[in-house]
$ cat final.cif   # mmCIF, C-alpha atoms and all ligand atoms
data_start
#
loop_
_atom_site.group_PDB
_atom_site.id
_atom_site.type_symbol
_atom_site.label_atom_id
_atom_site.label_comp_id
_atom_site.auth_asym_id
_atom_site.auth_seq_id
_atom_site.Cartn_x
_atom_site.Cartn_y
_atom_site.Cartn_z
ATOM 1 C CA MET A 4 84.335 -188.083 130.339
ATOM 2 C CA ILE A 5 84.613 -190.635 133.137
ATOM 3 C CA SER A 6 84.074 -188.366 136.078
ATOM 4 C CA LYS A 7 83.740 -184.709 136.714
ATOM 5 C CA ILE A 8 86.068 -182.077 138.055
ATOM 6 C CA LYS A 9 84.163 -179.662 140.186
ATOM 7 C CA GLU A 10 85.212 -176.122 140.955
ATOM 8 C CA PHE A 11 84.216 -174.845 144.398
ATOM 9 C CA LYS A 12 83.335 -171.281 145.198
ATOM 10 C CA VAL A 13 86.132 -169.479 147.047
ATOM 11 C CA LEU A 14 84.940 -167.256 149.858
ATOM 12 C CA GLY A 15 88.005 -165.064 149.963
ATOM 13 C CA ASP A 16 88.734 -161.689 151.400
ATOM 14 C CA ASN A 17 91.803 -159.794 152.579
ATOM 15 C CA ARG A 18 92.271 -162.311 155.451
ATOM 16 C CA GLY A 19 92.690 -165.288 153.072
ATOM 17 C CA GLN A 20 90.618 -167.888 151.269
ATOM 18 C CA LEU A 21 87.921 -170.251 152.480
ATOM 19 C CA VAL A 22 86.280 -173.183 150.701
ATOM 20 C CA VAL A 23 83.234 -175.002 152.095
ATOM 21 C CA LEU A 24 82.438 -178.658 151.363
ATOM 22 C CA GLU A 25 79.006 -179.880 152.474
ATOM 23 C CA GLY A 26 77.459 -183.330 152.105
ATOM 24 C CA ASN A 27 74.591 -183.501 149.628
ATOM 25 C CA LYS A 28 75.232 -179.903 148.651
ATOM 26 C CA ASN A 29 78.455 -179.374 146.716
ATOM 27 C CA ILE A 30 79.598 -182.937 147.587
ATOM 28 C CA PRO A 31 77.120 -185.337 145.968
ATOM 29 C CA PHE A 32 76.712 -187.724 148.945
ATOM 30 C CA ASP A 33 76.552 -187.937 152.749
ATOM 31 C CA ILE A 34 80.141 -187.641 154.003
ATOM 32 C CA LYS A 35 80.916 -190.508 156.431
ATOM 33 C CA ARG A 36 84.706 -190.546 156.324
ATOM 34 C CA VAL A 37 87.560 -188.158 155.581
ATOM 35 C CA PHE A 38 91.189 -189.195 155.170
ATOM 36 C CA TYR A 39 94.204 -187.399 153.833
ATOM 37 C CA ILE A 40 97.475 -188.418 152.287
ATOM 38 C CA TYR A 41 100.736 -186.474 152.622
ATOM 39 C CA GLY A 42 104.482 -187.127 152.716
ATOM 40 C CA THR A 43 104.133 -188.714 149.294
ATOM 41 C CA GLN A 44 106.924 -189.216 146.743
ATOM 42 C CA PRO A 45 106.845 -187.821 143.195
ATOM 43 C CA ASN A 46 107.716 -191.239 141.716
ATOM 44 C CA THR A 47 105.566 -193.392 143.974
ATOM 45 C CA PRO A 48 101.956 -193.753 142.846
ATOM 46 C CA ARG A 49 99.201 -194.699 145.288
ATOM 47 C CA GLY A 50 95.674 -195.967 145.023
ATOM 48 C CA SER A 51 95.356 -198.374 142.105
ATOM 49 C CA HIS A 52 92.099 -199.838 143.237
ATOM 50 C CA SER A 53 88.372 -199.487 142.819
ATOM 51 C CA HIS A 54 85.413 -199.836 145.153
ATOM 52 C CA TYR A 55 82.277 -201.880 144.710
ATOM 53 C CA LYS A 56 80.098 -199.285 146.453
ATOM 54 C CA THR A 57 82.094 -196.459 147.984
ATOM 55 C CA LYS A 58 82.040 -193.079 146.254
ATOM 56 C CA GLN A 59 84.841 -190.617 146.867
ATOM 57 C CA PHE A 60 85.630 -186.983 146.300
ATOM 58 C CA LEU A 61 89.295 -186.017 146.023
ATOM 59 C CA VAL A 62 90.555 -182.547 146.873
ATOM 60 C CA VAL A 63 94.204 -181.513 146.856
ATOM 61 C CA VAL A 64 94.253 -178.915 149.622
ATOM 62 C CA ASN A 65 97.969 -178.184 149.161
ATOM 63 C CA GLY A 66 100.419 -178.784 146.316
ATOM 64 C CA SER A 67 99.387 -180.910 143.365
ATOM 65 C CA CYS A 68 98.989 -184.428 142.065
ATOM 66 C CA LYS A 69 97.473 -186.214 139.110
ATOM 67 C CA VAL A 70 94.667 -188.726 139.294
ATOM 68 C CA THR A 71 93.906 -191.232 136.557
ATOM 69 C CA LEU A 72 90.392 -192.638 136.513
ATOM 70 C CA ASP A 73 89.481 -195.667 134.456
ATOM 71 C CA ASN A 74 86.017 -197.134 133.866
ATOM 72 C CA GLY A 75 87.401 -200.288 132.269
ATOM 73 C CA GLU A 76 86.998 -198.825 128.796
ATOM 74 C CA ASN A 77 88.464 -195.318 128.931
ATOM 75 C CA LYS A 78 91.085 -193.625 131.076
ATOM 76 C CA GLU A 79 91.314 -189.965 131.866
ATOM 77 C CA THR A 80 93.994 -188.101 133.835
ATOM 78 C CA PHE A 81 93.164 -185.042 135.893
ATOM 79 C CA ASN A 82 95.612 -182.507 137.272
ATOM 80 C CA LEU A 83 94.527 -181.486 140.764
ATOM 81 C CA ASN A 84 96.543 -178.352 141.420
ATOM 82 C CA LYS A 85 94.228 -175.930 143.209
ATOM 83 C CA PRO A 86 92.506 -176.252 146.600
ATOM 84 C CA ASN A 87 89.180 -175.160 145.151
ATOM 85 C CA ILE A 88 88.829 -178.031 142.690
ATOM 86 C CA GLY A 89 87.781 -181.588 143.420
ATOM 87 C CA LEU A 90 87.325 -184.797 141.510
ATOM 88 C CA PHE A 91 84.434 -187.211 141.955
ATOM 89 C CA GLN A 92 85.415 -190.873 141.825
ATOM 90 C CA ASP A 93 82.303 -192.971 141.548
ATOM 91 C CA SER A 94 82.033 -196.599 142.642
ATOM 92 C CA LEU A 95 83.392 -199.105 140.113
ATOM 93 C CA ILE A 96 85.924 -196.610 138.778
ATOM 94 C CA TRP A 97 89.594 -197.633 138.995
ATOM 95 C CA GLY A 98 91.686 -194.779 140.378
ATOM 96 C CA SER A 99 95.372 -194.100 140.814
ATOM 97 C CA MET A 100 97.111 -191.028 142.189
ATOM 98 C CA HIS A 101 100.548 -190.098 140.894
ATOM 99 C CA ASP A 102 102.993 -187.258 140.191
ATOM 100 C CA PHE A 103 102.657 -185.878 143.700
ATOM 101 C CA SER A 104 104.374 -182.604 144.485
ATOM 102 C CA GLU A 105 106.485 -182.827 147.661
ATOM 103 C CA ASP A 106 104.049 -180.582 149.508
ATOM 104 C CA CYS A 107 100.937 -182.421 148.309
ATOM 105 C CA VAL A 108 98.112 -182.962 150.796
ATOM 106 C CA LEU A 109 95.356 -184.986 149.174
ATOM 107 C CA MET A 110 92.095 -185.086 151.105
ATOM 108 C CA VAL A 111 89.510 -187.739 150.288
ATOM 109 C CA LEU A 112 85.861 -187.559 151.317
ATOM 110 C CA ALA A 113 83.985 -190.860 151.236
ATOM 111 C CA ASP A 114 80.346 -191.852 151.557
ATOM 112 C CA ASP A 115 81.104 -194.876 153.737
ATOM 113 C CA PHE A 116 83.396 -196.147 156.455
ATOM 114 C CA TYR A 117 86.549 -198.112 155.648
ATOM 115 C CA VAL A 118 85.563 -201.642 154.671
ATOM 116 C CA GLU A 119 88.319 -203.754 153.125
ATOM 117 C CA ASP A 120 85.725 -206.016 151.460
ATOM 118 C CA ASP A 121 84.579 -203.047 149.383
ATOM 119 C CA TYR A 122 87.980 -202.806 147.659
ATOM 120 C CA ILE A 123 88.812 -204.304 144.274
ATOM 121 C CA ARG A 124 92.611 -204.384 144.269
ATOM 122 C CA ASP A 125 93.223 -206.624 141.263
ATOM 123 C CA TYR A 126 92.860 -204.897 137.877
ATOM 124 C CA ASN A 127 91.785 -208.039 136.008
ATOM 125 C CA ASN A 128 89.159 -208.677 138.642
ATOM 126 C CA PHE A 129 87.981 -205.066 138.190
ATOM 127 C CA LEU A 130 87.643 -205.601 134.436
ATOM 128 C CA GLU A 131 85.581 -208.730 135.045
ATOM 129 C CA VAL A 132 83.280 -206.860 137.419
ATOM 130 C CA VAL A 133 82.665 -203.888 135.091
ATOM 131 C CA ASN A 134 82.408 -205.761 131.810
HETATM 132 P P1 LIG B 201 95.821 -197.811 151.076
HETATM 133 O O1 LIG B 201 94.474 -198.283 150.609
HETATM 134 O O2 LIG B 201 97.013 -198.621 150.705
HETATM 135 O O3 LIG B 201 96.038 -196.306 150.582
HETATM 136 P P2 LIG B 201 95.829 -195.725 149.100
HETATM 137 O O4 LIG B 201 94.417 -195.204 149.095
HETATM 138 O O5 LIG B 201 96.831 -194.657 148.919
HETATM 139 O O6 LIG B 201 95.979 -196.865 148.151
HETATM 140 O O7 LIG B 201 95.744 -197.636 152.659
HETATM 141 C C1 LIG B 201 96.910 -197.615 153.463
HETATM 142 C C2 LIG B 201 96.582 -198.275 154.803
HETATM 143 O O8 LIG B 201 95.606 -197.515 155.523
HETATM 144 C C3 LIG B 201 96.012 -199.666 154.638
HETATM 145 O O9 LIG B 201 96.568 -200.478 155.675
HETATM 146 C C4 LIG B 201 94.536 -199.501 154.892
HETATM 147 C C5 LIG B 201 94.488 -198.335 155.853
HETATM 148 N N1 LIG B 201 93.277 -197.494 155.734
HETATM 149 C C6 LIG B 201 92.374 -197.446 156.792
HETATM 150 O O10 LIG B 201 92.558 -198.101 157.838
HETATM 151 N N2 LIG B 201 91.284 -196.651 156.675
HETATM 152 C C7 LIG B 201 91.039 -195.920 155.562
HETATM 153 O O11 LIG B 201 90.020 -195.192 155.496
HETATM 154 C C8 LIG B 201 91.968 -195.985 154.459
HETATM 155 C C9 LIG B 201 91.736 -195.203 153.206
HETATM 156 C C10 LIG B 201 93.071 -196.785 154.607
#
$ encode --input "final.cif" --output "structure tokens"
Amino acid sequence: MISKIKEFKVLGDNRGQLVVLEGNKNIPFDIKRVFYIYGTQPNTPRGSHSHYKTKQFLVVVNGSCKVTLDNGENKETFNLNKPNIGLFQDSLIWGSMHDFSEDCVLMVLADDFYVEDDYIRDYNNFLEVVN
């Protein structure tokens, strides 16, 4: 198992559902940045990079997509298809998002600001760093 799927408690009642994400509580880091991806295409993957330091938590708040995580040795694909599940992507884990539903909204929580120097965008370079 490369990384863990986490199921969040749903605080639902007859008015609808509510999920709470809190830094250092059910999200295992201080949340410094949130971004979300939508308007994606089923046949157009995204991501395909790793981070030296940044940790991320991925939550599909609408629709579905698949995320493949790779530690340089093993790959595992996760189906994110409910708004109350999330996937932790640690630093030095290669991640790609694919098979987006048309209505997919993928929200990403990160423990740091956007820093291009923290990205590893070349897979061979990633393998050199992790091995
Ligand atoms: P990109 O890394 O290609 O997205 P993906 O995670 O799907 O691979 O990012 C698309 C553009 O957005 C790119 O020009 C970098 C910019 N960007 C920011 O400015 N801040 C951010 O927090 C992120 C994630 C991306």
$ resolve_selection --input "final.cif" --expression "the PyMOL selection byres (((not hetatm)) within 12 of (chain B and resi 201))" --output "PyMOL selection string"
chain A and resi 35-44+47-54+57+59+61+70+97-101+103+108-124
$ resolve_selection --input "final.cif" --expression "the PyMOL selection byres (((chain A and resi 29) around 12) and not hetatm)" --output "list in words"
Ile8, Lys9, Glu10, Phe11, Lys12, Val22, Val23, Leu24, Glu25, Gly26, Asn27, Lys28, Ile30, Pro31, Phe32, Asp33, Ile34, Phe60, Asn87, Ile88, Gly89, Leu90, Phe91 and Leu112 of chain A
$ resolve_selection --input "final.cif" --expression "the PyMOL selection byres (((chain A and resi 82) around 8) and not hetatm)" --output "PyMOL selection string"
chain A and resi 67-70+80-81+83-84
$ atom_distance --input "final.cif" --atom1 "atom CA of A:Lys85" --atom2 "atom CA of A:Arg18"
18.4 Å
$ atom_distance --input "final.cif" --atom1 "atom CA of A:Asp102" --atom2 "atom CA of A:Val64"
15.3 Å
$ atom_distance --input "final.cif" --atom1 "atom CA of A:Ser104" --atom2 "atom CA of A:Gly75"
27.4 Å
$ closest_residue --input "final.cif" --among "A:Lys58, A:Val63, A:Gln92, A:Glu76" --to "A:Cys107" --atoms "all atoms listed in the file"
A:Val63
$ closest_residue --input "final.cif" --among "A:Lys56, A:Leu14, A:Asp73, A:Gln20" --to "A:Tyr126" --atoms "all atoms listed in the file"
A:Asp73
$ closest_residue --input "final.cif" --among "A:Pro86, A:Leu95, A:Pro45, A:Asp125" --to "A:Val62" --atoms "all atoms listed in the file"
A:Pro86
$ build_atoms --input "final.cif" --residues "stretch 108-126 of chain A" --atoms "N, CA, C and O atoms" --output "PDB file, in the frame of the given file"
ATOM      1  N   VAL A 108      99.026-182.403 149.787  1.00  0.00           N
ATOM      2  CA  VAL A 108      98.112-182.962 150.796  1.00  0.00           C
ATOM      3  C   VAL A 108      96.814-183.270 150.054  1.00  0.00           C
ATOM      4  O   VAL A 108      96.119-182.357 149.590  1.00  0.00           O
ATOM      5  N   LEU A 109      96.543-184.547 149.907  1.00  0.00           N
ATOM      6  CA  LEU A 109      95.356-184.986 149.174  1.00  0.00           C
ATOM      7  C   LEU A 109      94.303-185.449 150.182  1.00  0.00           C
ATOM      8  O   LEU A 109      94.521-186.400 150.928  1.00  0.00           O
ATOM      9  N   MET A 110      93.181-184.744 150.187  1.00  0.00           N
ATOM     10  CA  MET A 110      92.095-185.086 151.105  1.00  0.00           C
ATOM     11  C   MET A 110      91.022-185.844 150.333  1.00  0.00           C
ATOM     12  O   MET A 110      90.669-185.458 149.217  1.00  0.00           O
ATOM     13  N   VAL A 111      90.539-186.914 150.940  1.00  0.00           N
ATOM     14  CA  VAL A 111      89.510-187.739 150.288  1.00  0.00           C
ATOM     15  C   VAL A 111      88.277-187.790 151.177  1.00  0.00           C
ATOM     16  O   VAL A 111      88.371-188.121 152.371  1.00  0.00           O
ATOM     17  N   LEU A 112      87.143-187.449 150.625  1.00  0.00           N
ATOM     18  CA  LEU A 112      85.861-187.559 151.317  1.00  0.00           C
ATOM     19  C   LEU A 112      85.180-188.809 150.779  1.00  0.00           C
ATOM     20  O   LEU A 112      85.189-189.045 149.563  1.00  0.00           O
ATOM     21  N   ALA A 113      84.607-189.603 151.672  1.00  0.00           N
ATOM     22  CA  ALA A 113      83.985-190.860 151.236  1.00  0.00           C
ATOM     23  C   ALA A 113      82.582-190.978 151.811  1.00  0.00           C
ATOM     24  O   ALA A 113      82.285-190.429 152.882  1.00  0.00           O
ATOM     25  N   ASP A 114      81.738-191.717 151.110  1.00  0.00           N
ATOM     26  CA  ASP A 114      80.346-191.852 151.557  1.00  0.00           C
ATOM     27  C   ASP A 114      80.140-193.059 152.463  1.00  0.00           C
ATOM     28  O   ASP A 114      79.006-193.372 152.802  1.00  0.00           O
ATOM     29  N   ASP A 115      81.259-193.741 152.816  1.00  0.00           N
ATOM     30  CA  ASP A 115      81.104-194.876 153.737  1.00  0.00           C
ATOM     31  C   ASP A 115      82.374-195.057 154.568  1.00  0.00           C
ATOM     32  O   ASP A 115      83.426-194.499 154.233  1.00  0.00           O
ATOM     33  N   PHE A 116      82.248-195.837 155.617  1.00  0.00           N
ATOM     34  CA  PHE A 116      83.396-196.147 156.455  1.00  0.00           C
ATOM     35  C   PHE A 116      84.360-197.055 155.704  1.00  0.00           C
ATOM     36  O   PHE A 116      84.018-197.596 154.649  1.00  0.00           O
ATOM     37  N   TYR A 117      85.550-197.232 156.261  1.00  0.00           N
ATOM     38  CA  TYR A 117      86.549-198.112 155.648  1.00  0.00           C
ATOM     39  C   TYR A 117      86.118-199.561 155.800  1.00  0.00           C
ATOM     40  O   TYR A 117      85.946-200.055 156.912  1.00  0.00           O
ATOM     41  N   VAL A 118      85.931-200.223 154.665  1.00  0.00           N
ATOM     42  CA  VAL A 118      85.563-201.642 154.671  1.00  0.00           C
ATOM     43  C   VAL A 118      86.441-202.315 153.628  1.00  0.00           C
ATOM     44  O   VAL A 118      86.279-202.070 152.423  1.00  0.00           O
ATOM     45  N   GLU A 119      87.377-203.144 154.066  1.00  0.00           N
ATOM     46  CA  GLU A 119      88.319-203.754 153.125  1.00  0.00           C
ATOM     47  C   GLU A 119      87.595-204.578 152.052  1.00  0.00           C
ATOM     48  O   GLU A 119      88.017-204.612 150.902  1.00  0.00           O
ATOM     49  N   ASP A 120      86.463-205.194 152.425  1.00  0.00           N
ATOM     50  CA  ASP A 120      85.725-206.016 151.460  1.00  0.00           C
ATOM     51  C   ASP A 120      85.139-205.199 150.309  1.00  0.00           C
ATOM     52  O   ASP A 120      84.689-205.771 149.311  1.00  0.00           O
ATOM     53  N   ASP A 121      85.109-203.892 150.465  1.00  0.00           N
ATOM     54  CA  ASP A 121      84.579-203.047 149.383  1.00  0.00           C
ATOM     55  C   ASP A 121      85.645-202.727 148.332  1.00  0.00           C
ATOM     56  O   ASP A 121      85.341-202.138 147.302  1.00  0.00           O
ATOM     57  N   TYR A 122      86.899-203.120 148.599  1.00  0.00           N
ATOM     58  CA  TYR A 122      87.980-202.806 147.659  1.00  0.00           C
ATOM     59  C   TYR A 122      88.082-203.854 146.559  1.00  0.00           C
ATOM     60  O   TYR A 122      87.942-205.047 146.810  1.00  0.00           O
ATOM     61  N   ILE A 123      88.371-203.407 145.344  1.00  0.00           N
ATOM     62  CA  ILE A 123      88.812-204.304 144.274  1.00  0.00           C
ATOM     63  C   ILE A 123      90.251-203.905 143.997  1.00  0.00           C
ATOM     64  O   ILE A 123      90.511-202.798 143.519  1.00  0.00           O
ATOM     65  N   ARG A 124      91.200-204.759 144.360  1.00  0.00           N
ATOM     66  CA  ARG A 124      92.611-204.384 144.269  1.00  0.00           C
ATOM     67  C   ARG A 124      93.312-205.023 143.065  1.00  0.00           C
ATOM     68  O   ARG A 124      94.444-204.693 142.771  1.00  0.00           O
ATOM     69  N   ASP A 125      92.619-205.935 142.408  1.00  0.00           N
ATOM     70  CA  ASP A 125      93.223-206.624 141.263  1.00  0.00           C
ATOM     71  C   ASP A 125      92.571-206.092 139.983  1.00  0.00           C
ATOM     72  O   ASP A 125      91.338-206.138 139.831  1.00  0.00           O
ATOM     73  N   TYR A 126      93.409-205.570 139.065  1.00  0.00           N
ATOM     74  CA  TYR A 126      92.860-204.897 137.877  1.00  0.00           C
ATOM     75  C   TYR A 126      92.064-205.855 136.988  1.00  0.00           C
ATOM     76  O   TYR A 126      91.015-205.481 136.452  1.00  0.00           O
TER      77      TYR A 126
END
